[in-house]
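Visitor: After the structure tokens below, expect a handful of questions from me.
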Amino acid sequence: MLELDAPGIRVLLQKKLPFVATLDDLIALEKEDLAATGGKNSRIKLAEQAFRRAIAAGVTIVFGSGATSPTIPHGKQANQFAYYAKWGMKPVQALQTAYLNAAHMLNYGWENDIGSVEKGKFADIIAVSGNPLADVSEMERVRFVMKGGMVIKDNMNAPAATVAARAP
């Protein structure tokens with residue numbers, strides 16, 4: 001992922017393969033990388049270059065978790081949406097990497113069962129207080145989760161400060 005060059009992009013496009021961007025593991029390594037290179041480079045900087053090349057070429061981007069250890073656990077990766085937007089995606093495109101693009105990549109027909117709220121589709125829904133199309137960092141403050149039609153988390157009526165204090 002870090003050294004995505006023109007031949008690599010051609011292969012992705014020819015084979016209709018997505019580019020899966022995992023960032024949290026690279027973000028965690030940035031300080032160490034900068035120290036090792038005298039402040040000149042880091043893996044997250046290389047990832048940004050590869051990401052921008054992939055977008056410019058029209059390669060499909062799929063959200064990757066980067067959850068690799070107890071220090072980078074699952075459930076904390078929503079910060080990646082802001083990177084995706086900063087690196088050239090529209091907020092809606094950044095959000096789609098985590099559901100439509102990911103579902104299509106799985107190749108199990110998931111895109112037929114998710115992606116919209118309608119009868120017959122999975123009732124997996126999240127809600128945030130603000131508009132994630134205006135500020136993708138809203139995805140870092142999920143206040144409501146429904147999975148398979150069952151409410152898993154409901155902090156919609158709690159004050160924002162209380163929700164932040166309870167966040168895992």
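FYI, nothing fancy with the structure tokens labels: chains A, B, ... in order, residues from 1 per chain, ligands from 1 as they appear.
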Give the helix (DSSP H, G or I) residues of chain A, as DSSP finds them on the backbone, and put them as a ChimeraX atom specification.
Guide: /A:6-14,24-36,43-57,77-86,91-96,100-106,110-112,136-140,160-166
Visitor: Dump as JSON lines the rows for residues of segment 92-151 of chain A within 10 Å of segment 15-34 of chain A: closest atom pair and distance in Å with one decimal, only C-alpha atoms counted, ordered by chain and rising residue number.
Guide:
{"residue": "A:Thr97", "atom": "CA", "partner": "A:Val20", "partner_atom": "CA", "distance": 9.0}
{"residue": "A:Asn101", "atom": "CA", "partner": "A:Pro18", "partner_atom": "CA", "distance": 8.3}
{"residue": "A:Ala102", "atom": "CA", "partner": "A:Val20", "partner_atom": "CA", "distance": 8.9}
{"residue": "A:His104", "atom": "CA", "partner": "A:Pro18", "partner_atom": "CA", "distance": 9.6}
{"residue": "A:Met105", "atom": "CA", "partner": "A:Pro18", "partner_atom": "CA", "distance": 7.1}
Visitor: Within 7 Å of Leu2 of chain A, counting only C-alpha atoms, which residues qualify if same-chain residues fewer than 5 places away don't, as a list in words?
Guide: Arg43, Leu46, Ala47 and Ala50 of chain A
Visitor: For the selection you just gave me, I'd like the residues written to a file as a PDB file, in the first residue's frame, keeping C-alpha atoms.
Guide:
ATOM      1  CA  ARG A  43       4.739   5.646   6.507  1.00  0.00           C
ATOM      2  CA  LEU A  46       3.836   7.507   1.953  1.00  0.00           C
ATOM      3  CA  ALA A  47       0.261   6.273   2.435  1.00  0.00           C
ATOM      4  CA  ALA A  50      -0.376   6.343  -2.609  1.00  0.00           C
TER       5      ALA A  50
END
Visitor: Taking the chain letters and numbering used in this document, name the residues of segment 29-147 of chain A that DSSP puts in strand (DSSP E or B), as a PyMOL selection string.
Guide: chain A and resi 61-63+69+72+125-127+144-147
Visitor: Print the selection's residues with N, CA and C atoms to a file, as a short mmCIF file (atom, residue, chain, number, x, y, z; two decimals), in the first residue's frame.
Guide:
data_model
loop_
_atom_site.label_atom_id
_atom_site.label_comp_id
_atom_site.auth_asym_id
_atom_site.auth_seq_id
_atom_site.Cartn_x
_atom_site.Cartn_y
_atom_site.Cartn_z
N ILE A 61 -11.57 2.84 -3.51
CA ILE A 61 -10.95 2.84 -2.18
C ILE A 61 -11.88 2.13 -1.20
N VAL A 62 -11.33 1.23 -0.39
CA VAL A 62 -12.09 0.52 0.64
C VAL A 62 -11.47 0.83 1.99
N PHE A 63 -12.33 1.13 2.95
CA PHE A 63 -11.91 1.43 4.32
C PHE A 63 -11.28 0.19 4.94
N SER A 69 -3.59 -4.27 17.25
CA SER A 69 -3.10 -4.61 18.59
C SER A 69 -4.00 -3.98 19.64
N ILE A 72 -4.21 -0.33 19.27
CA ILE A 72 -5.01 0.13 18.13
C ILE A 72 -6.21 -0.82 18.02
N ILE A 125 -27.85 0.51 11.55
CA ILE A 125 -27.90 1.96 11.41
C ILE A 125 -27.09 2.59 12.54
N ILE A 126 -26.40 3.67 12.20
CA ILE A 126 -25.75 4.48 13.24
C ILE A 126 -26.26 5.89 13.09
N ALA A 127 -26.17 6.67 14.16
CA ALA A 127 -26.56 8.08 14.10
C ALA A 127 -25.56 8.92 14.88
N PHE A 144 -25.77 6.57 18.38
CA PHE A 144 -26.82 5.55 18.29
C PHE A 144 -26.34 4.45 17.36
N VAL A 145 -26.56 3.18 17.78
CA VAL A 145 -26.21 2.03 16.95
C VAL A 145 -27.36 1.04 16.99
N MET A 146 -27.81 0.62 15.80
CA MET A 146 -28.78 -0.46 15.68
C MET A 146 -28.13 -1.53 14.82
N LYS A 147 -28.12 -2.75 15.32
CA LYS A 147 -27.51 -3.88 14.60
C LYS A 147 -28.57 -4.96 14.45
#
Visitor: Can you tell me which residues surround Phe81 of chain A at a distance of at most 10 Å, considering only C-alpha atoms, apart from same-chain residues fewer than 5 positions away, and format the answer as a list in words?
Guide: Leu23, Phe63, Lys86, Trp87, Met89, Lys90, Pro91, Val92, Gln93, Ala94, Leu95, Gln96, Thr97, Ala98, Pro132, Asp135, Val136, Ser137, Glu138, Met139 and Glu140 of chain A
Visitor: Which is closest to Asn112 of chain A among A:Asn157, A:Leu100, A:Thr68, A:Arg53, if we use only C-alpha atoms?
Guide: A:Leu100
Visitor: As a list in words, please: the residues near Ala54 of chain A (cut-off 10 Å, only C-alpha atoms, same-chain neighbours under 4 positions excluded).
Guide: Leu4, Asp5, Ala6, Gly8, Ile9, Arg10, Leu12, Leu13, Pro18, Phe19, Glu48, Gln49, Ala50, Gly58, Val59, Thr60 and Ile61 of chain A
Visitor: Which residue is closest to Gly88 of chain A? Choose from A:Ala56, A:Ala36, A:Met156, A:Met150 and count only C-alpha atoms.
Guide: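 Closest to Gly88 of chain A of all the choices is A:Ala56.
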Visitor: Between atom CA of Leu133 of chain A and atom CA of Tyr84 of chain A, measure the distance and give it in Å to one decimal.
Guide: 12.7 Å
Visitor: Using only C-alpha atoms, which of the listed residues (A:Ala82, A:Gly39, A:Pro73, A:Gly115) sits closest to Ala103 of chain A?
Guide: A:Gly115
